[in-house]
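Student: Supplied in structure tokens, the structure appears directly below.
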Amino acid sequence: MTKRFSLLVDDDSQGVGYQSPLLEANNEQNSIPILKQIKFQQLNLQWPINSWRKYGVQIDFSEGDEKNEIKFETVITRLDDHSTGDRVVEINRSEDIWINEKEPDLVMDKLAHETGKVIYPLQLRVNALGEAIAIENHSAIVKRWTETKKNLSSYFEGEFFDKYIFKTEAVLFDLDRFTFAVLYRDWFMQSYFLPIFKNYGEDKTRRDYLKFPLPASFANPGFFTQQTIVGHTTDQGAIELIHQGELKEDEGLTIQKYKGNYEALIRLNPFHNHIVAYKGQWNIREHDKDIAVGIKYFELDNPALFSKNNWTIANQSQAAEPEKERQGSFLKKLFD
């Protein structure tokens, strides 16, 4: 099996070597704004049509003493704009996925993984703020399901399988339920498609509600979050956003079911403002139960990460091919 990427590596040697192609090629160091004061207050995403980004993603879930980790790769490509002027992006997720450093081995995990593949490629409509607001290829996904269900039936059977397929189809065939499940119950989707492309004012700080999958209560307005643009670029040239939020509940509720907080460090390309790395943590207390979720993701296979002309425009199938040998301690280099 191909070696999977690592998001947490102790060896710093590759992290040091990572920066040299960026600083040495074509005098690119002259244009990278390293440790420069940030004077703007508006973030605008610039993402050329047909260009793509590949990310390594790690999600950690903790509930009491139970802990689980999921790793996968995903490729995001910008397609032609929607007739409304919104951007359309396509998401492809790697078929390889690791749960606690292993391929899915439990029947339930295997079934969930195989069923989930039908969603991809997934096409989303994204507004100017960066929020995903609609699914563009729902009919194509439903059409793919017919073949997927047939294949699953050839090696899964029994009452549990029948119930799982019934529940899957109840969501899949209902566009509203499917949209809610994909856009508002997926941790990666919720953290990647945040409404961060906006005006932050003279003090470069905004306070807004941000929605995340936990808790599931519809009465919850989300995490009231202070979002701050750090005053200087990093020593690699990235723009930094810091998020600090507190979970709020509807003031009309007599019983406050949840308490919690959210914090994140987001690093953006200084020229295009797209996310190059994200590290977020949510801590939720539901009555006497503690729940924690952590997400880390970063760009893969891009040695000119913070340069101006680093877009890759290529065939999507080529972009989705995993290349997992090149990661080293990149995330450690970015965040430590």
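The chains in the structure tokens are called A, B, ... from first to last as shown; in each chain the residues are counted from 1, and the ligands are counted from 1 in the order shown.
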Any idea what's packed within 6 Å of region 134-149 of chain A, counting only C-alpha atoms, ignoring anything in its chain fewer than 2 positions away? Could you give it as an mmCIF file with N, CA, C and O atoms, in the first residue's frame?
Tutor:
data_model
loop_
_atom_site.group_PDB
_atom_site.id
_atom_site.type_symbol
_atom_site.label_atom_id
_atom_site.label_comp_id
_atom_site.auth_asym_id
_atom_site.auth_seq_id
_atom_site.Cartn_x
_atom_site.Cartn_y
_atom_site.Cartn_z
ATOM 1 N N ILE A 119 -20.806 10.456 -3.571
ATOM 2 C CA ILE A 119 -20.948 11.917 -3.534
ATOM 3 C C ILE A 119 -19.956 12.608 -4.456
ATOM 4 O O ILE A 119 -20.224 13.694 -4.985
ATOM 5 N N GLN A 123 -19.980 19.009 -6.878
ATOM 6 C CA GLN A 123 -19.890 20.382 -7.375
ATOM 7 C C GLN A 123 -20.735 21.315 -6.509
ATOM 8 O O GLN A 123 -21.917 21.056 -6.278
ATOM 9 N N LEU A 124 -20.088 22.389 -6.018
ATOM 10 C CA LEU A 124 -20.737 23.331 -5.113
ATOM 11 C C LEU A 124 -20.732 24.734 -5.712
ATOM 12 O O LEU A 124 -19.791 25.123 -6.399
ATOM 13 N N ARG A 125 -21.778 25.472 -5.397
ATOM 14 C CA ARG A 125 -21.821 26.888 -5.741
ATOM 15 C C ARG A 125 -21.384 27.684 -4.528
ATOM 16 O O ARG A 125 -21.873 27.467 -3.414
ATOM 17 N N ASN A 151 -23.407 -2.398 -6.919
ATOM 18 C CA ASN A 151 -22.109 -2.949 -6.530
ATOM 19 C C ASN A 151 -22.075 -3.301 -5.044
ATOM 20 O O ASN A 151 -21.510 -4.334 -4.652
ATOM 21 N N LEU A 152 -22.656 -2.444 -4.207
ATOM 22 C CA LEU A 152 -22.674 -2.718 -2.770
ATOM 23 C C LEU A 152 -23.457 -3.986 -2.468
ATOM 24 O O LEU A 152 -23.077 -4.774 -1.580
#
Student: Among the residues of region 137-239 of chain A, find those DSSP assigns to helix (DSSP H, G or I) from the backbone and print them as a PyMOL selection string.
Tutor: chain A and resi 138-153+159-172+175-184+187-192
Student: Which one is closest to Leu122 (chain A): A:Leu300, A:Leu241, A:Ile70, A:Val182? Count only C-alpha atoms.
Tutor: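 Smallest separation from Leu122 (chain A) among the options: A:Val182.
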Student: Would you compute the distance between CA of Phe178 (chain A) and CA of Tyr55 (chain A)? Give it in Å to one decimal.
Tutor: 24.0 Å
Student: Using only C-alpha atoms, which of A:Asn92, A:Gln190, A:Asn283, A:Gln42 sits nearest Arg78 (chain A)?
Tutor: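 When distances to Arg78 (chain A) are compared using only C-alpha atoms, the smallest one comes from A:Asn92.
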Student: I'd like the neighbourhood of Gln46 (chain A) as a VMD selection string, where a residue qualifies if any of its atoms comes within 12 Å (using only C-alpha atoms), though same-chain residues fewer than 4 positions away should be ignored.
Tutor: chain A and resid 51 78 87 128 to 130 197 268 to 275 308 to 309 311
Student: Can you pull out the residues contacting Gln226 (chain A)? Cut-off 7 Å, using only C-alpha atoms, and skip same-chain residues under 6 positions away; I want them as a PyMOL selection string.
Tutor: chain A and resi 205-208+243-245
Student: Taking all heavy atoms for each residue, export the selection above as a short mmCIF file (atom, residue, chain, number, x, y, z; two decimals), in the first residue's frame.
Tutor:
data_model
loop_
_atom_site.label_atom_id
_atom_site.label_comp_id
_atom_site.auth_asym_id
_atom_site.auth_seq_id
_atom_site.Cartn_x
_atom_site.Cartn_y
_atom_site.Cartn_z
N THR A 205 -10.61 43.52 12.40
CA THR A 205 -11.29 42.56 13.27
C THR A 205 -12.80 42.63 13.03
O THR A 205 -13.38 43.71 12.93
CB THR A 205 -11.00 42.85 14.75
OG1 THR A 205 -9.61 42.69 14.99
CG2 THR A 205 -11.76 41.89 15.66
N ARG A 206 -13.41 41.44 12.92
CA ARG A 206 -14.87 41.34 12.81
C ARG A 206 -15.37 40.35 13.85
O ARG A 206 -14.65 39.45 14.27
CB ARG A 206 -15.29 40.84 11.42
CG ARG A 206 -15.19 41.87 10.32
CD ARG A 206 -15.76 41.29 9.05
NE ARG A 206 -17.18 40.97 9.21
CZ ARG A 206 -18.16 41.56 8.52
NH1 ARG A 206 -17.86 42.50 7.64
NH2 ARG A 206 -19.41 41.21 8.69
N ARG A 207 -16.64 40.50 14.21
CA ARG A 207 -17.28 39.56 15.13
C ARG A 207 -18.59 39.12 14.50
O ARG A 207 -19.49 39.92 14.31
CB ARG A 207 -17.50 40.21 16.50
CG ARG A 207 -16.21 40.51 17.23
CD ARG A 207 -16.42 41.40 18.44
NE ARG A 207 -15.16 41.68 19.12
CZ ARG A 207 -14.32 42.64 18.76
NH1 ARG A 207 -14.63 43.42 17.72
NH2 ARG A 207 -13.20 42.84 19.40
N ASP A 208 -18.65 37.83 14.15
CA ASP A 208 -19.83 37.26 13.50
C ASP A 208 -20.09 35.88 14.05
O ASP A 208 -19.21 35.25 14.66
CB ASP A 208 -19.62 37.15 11.98
CG ASP A 208 -19.42 38.49 11.31
OD1 ASP A 208 -20.28 39.35 11.46
OD2 ASP A 208 -18.39 38.65 10.62
N HIS A 243 -9.13 33.00 14.68
CA HIS A 243 -10.53 32.91 15.09
C HIS A 243 -10.61 32.49 16.55
O HIS A 243 -9.95 31.53 16.97
CB HIS A 243 -11.27 31.88 14.24
CG HIS A 243 -11.63 32.35 12.87
ND1 HIS A 243 -12.40 31.62 11.99
CD2 HIS A 243 -11.33 33.50 12.22
CE1 HIS A 243 -12.56 32.30 10.87
NE2 HIS A 243 -11.90 33.44 10.98
N GLN A 244 -11.43 33.19 17.31
CA GLN A 244 -11.70 32.83 18.70
C GLN A 244 -13.19 33.00 18.93
O GLN A 244 -13.72 34.12 18.86
CB GLN A 244 -10.90 33.72 19.66
CG GLN A 244 -9.39 33.50 19.56
CD GLN A 244 -8.60 34.40 20.49
OE1 GLN A 244 -8.85 35.60 20.55
NE2 GLN A 244 -7.65 33.83 21.21
N GLY A 245 -13.88 31.89 19.20
CA GLY A 245 -15.32 31.94 19.29
C GLY A 245 -15.88 31.24 20.51
O GLY A 245 -15.24 30.35 21.09
#
Student: Kindly indicate which residue among A:Lys117, A:Lys102, A:Lys39, A:Arg267 lies nearest to Gly237 (chain A), using only C-alpha atoms for the distances.
Tutor: A:Arg267
Student: Between A:Asn302, A:Ser31, A:Gln281, A:Thr84, single out the one closest to Ser191 (chain A), counting only C-alpha atoms.
Tutor: A:Gln281
Student: Taking only C-alpha atoms into account, which of A:Thr115, A:Asn261, A:Thr225, A:Thr74 comes nearest Glu299 (chain A)?
Tutor: A:Thr74
Student: In Å, rounded to a single decimal, give me how far CA of Gln58 (chain A) is from CA of Leu43 (chain A).
Tutor: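 Separation of CA of Leu43 (chain A) and CA of Gln58 (chain A): 26.1 Å.
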Student: Determine the nearest neighbour of Ile49 (chain A) from the options A:Met108, A:Leu79, A:Ala132, A:Ala238, counting only C-alpha atoms.
Tutor: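 Going through A:Met108, A:Leu79, A:Ala132, A:Ala238 one by one, the smallest distance to Ile49 (chain A) is for A:Leu79.
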Student: Mind checking which residues fall within 10 Å of Phe212 (chain A), counting only C-alpha atoms, ignoring those fewer than 5 positions away in the same chain, and posting them as a ChimeraX atom specification?
Tutor: /A:183-191,194,221-223,247,262,282
Student: I want to know what sits within 6 Å of region 230-235 of chain A, based on only C-alpha atoms, with residues of the same chain fewer than 4 positions away left out; could you give that as a list of chain:residue names?
Tutor: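 Here the answer would be A:Ile34, A:Leu35, A:Lys36, A:Gln37, A:Ile38, A:Ile239, A:Glu240.
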Student: Could you write out the selected residues, including all heavy atoms, as a short mmCIF file (atom, residue, chain, number, x, y, z; two decimals), in the first residue's frame?
Tutor:
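That gives us out.cif:
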data_model
loop_
_atom_site.label_atom_id
_atom_site.label_comp_id
_atom_site.auth_asym_id
_atom_site.auth_seq_id
_atom_site.Cartn_x
_atom_site.Cartn_y
_atom_site.Cartn_z
N ILE A 34 7.35 38.86 2.98
CA ILE A 34 7.74 38.25 4.25
C ILE A 34 7.84 39.30 5.35
O ILE A 34 8.52 40.31 5.19
CB ILE A 34 9.07 37.50 4.08
CG1 ILE A 34 8.88 36.32 3.11
CG2 ILE A 34 9.60 37.00 5.42
CD1 ILE A 34 10.15 35.60 2.78
N LEU A 35 7.14 39.05 6.46
CA LEU A 35 7.15 39.96 7.61
C LEU A 35 6.82 41.40 7.22
O LEU A 35 7.43 42.35 7.72
CB LEU A 35 8.49 39.88 8.34
CG LEU A 35 8.85 38.52 8.94
CD1 LEU A 35 10.25 38.54 9.53
CD2 LEU A 35 7.83 38.12 10.00
N LYS A 36 5.85 41.56 6.33
CA LYS A 36 5.44 42.89 5.89
C LYS A 36 4.15 43.30 6.60
O LYS A 36 3.29 42.47 6.90
CB LYS A 36 5.21 42.90 4.37
CG LYS A 36 6.44 42.59 3.54
CD LYS A 36 7.50 43.67 3.67
CE LYS A 36 8.67 43.39 2.73
NZ LYS A 36 9.72 44.42 2.84
N GLN A 37 4.03 44.59 6.87
CA GLN A 37 2.82 45.09 7.50
C GLN A 37 1.64 44.96 6.54
O GLN A 37 1.75 45.24 5.35
CB GLN A 37 2.99 46.55 7.90
CG GLN A 37 1.78 47.13 8.62
CD GLN A 37 1.98 48.58 9.02
OE1 GLN A 37 3.02 49.17 8.72
NE2 GLN A 37 1.01 49.15 9.69
N ILE A 38 0.52 44.50 7.08
CA ILE A 38 -0.69 44.38 6.27
C ILE A 38 -1.51 45.65 6.42
O ILE A 38 -1.95 46.00 7.52
CB ILE A 38 -1.51 43.15 6.72
CG1 ILE A 38 -0.73 41.86 6.37
CG2 ILE A 38 -2.88 43.13 6.05
CD1 ILE A 38 -1.40 40.60 6.81
N ILE A 239 -0.57 35.30 4.96
CA ILE A 239 -1.51 36.11 5.75
C ILE A 239 -2.12 35.19 6.80
O ILE A 239 -2.51 34.06 6.50
CB ILE A 239 -2.62 36.68 4.85
CG1 ILE A 239 -2.02 37.60 3.79
CG2 ILE A 239 -3.66 37.42 5.67
CD1 ILE A 239 -3.00 37.98 2.69
N GLU A 240 -2.23 35.68 8.03
CA GLU A 240 -2.80 34.88 9.10
C GLU A 240 -4.13 35.45 9.57
O GLU A 240 -4.26 36.66 9.76
CB GLU A 240 -1.87 34.80 10.31
CG GLU A 240 -0.75 33.80 10.16
CD GLU A 240 -0.04 33.55 11.48
OE1 GLU A 240 0.03 34.47 12.32
OE2 GLU A 240 0.46 32.43 11.67
#
Student: What is the CA of Arg53 (chain A)-CA of Asp301 (chain A) distance in Å, reported with one decimal?
Tutor: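 These two atoms are separated by 9.2 Å.
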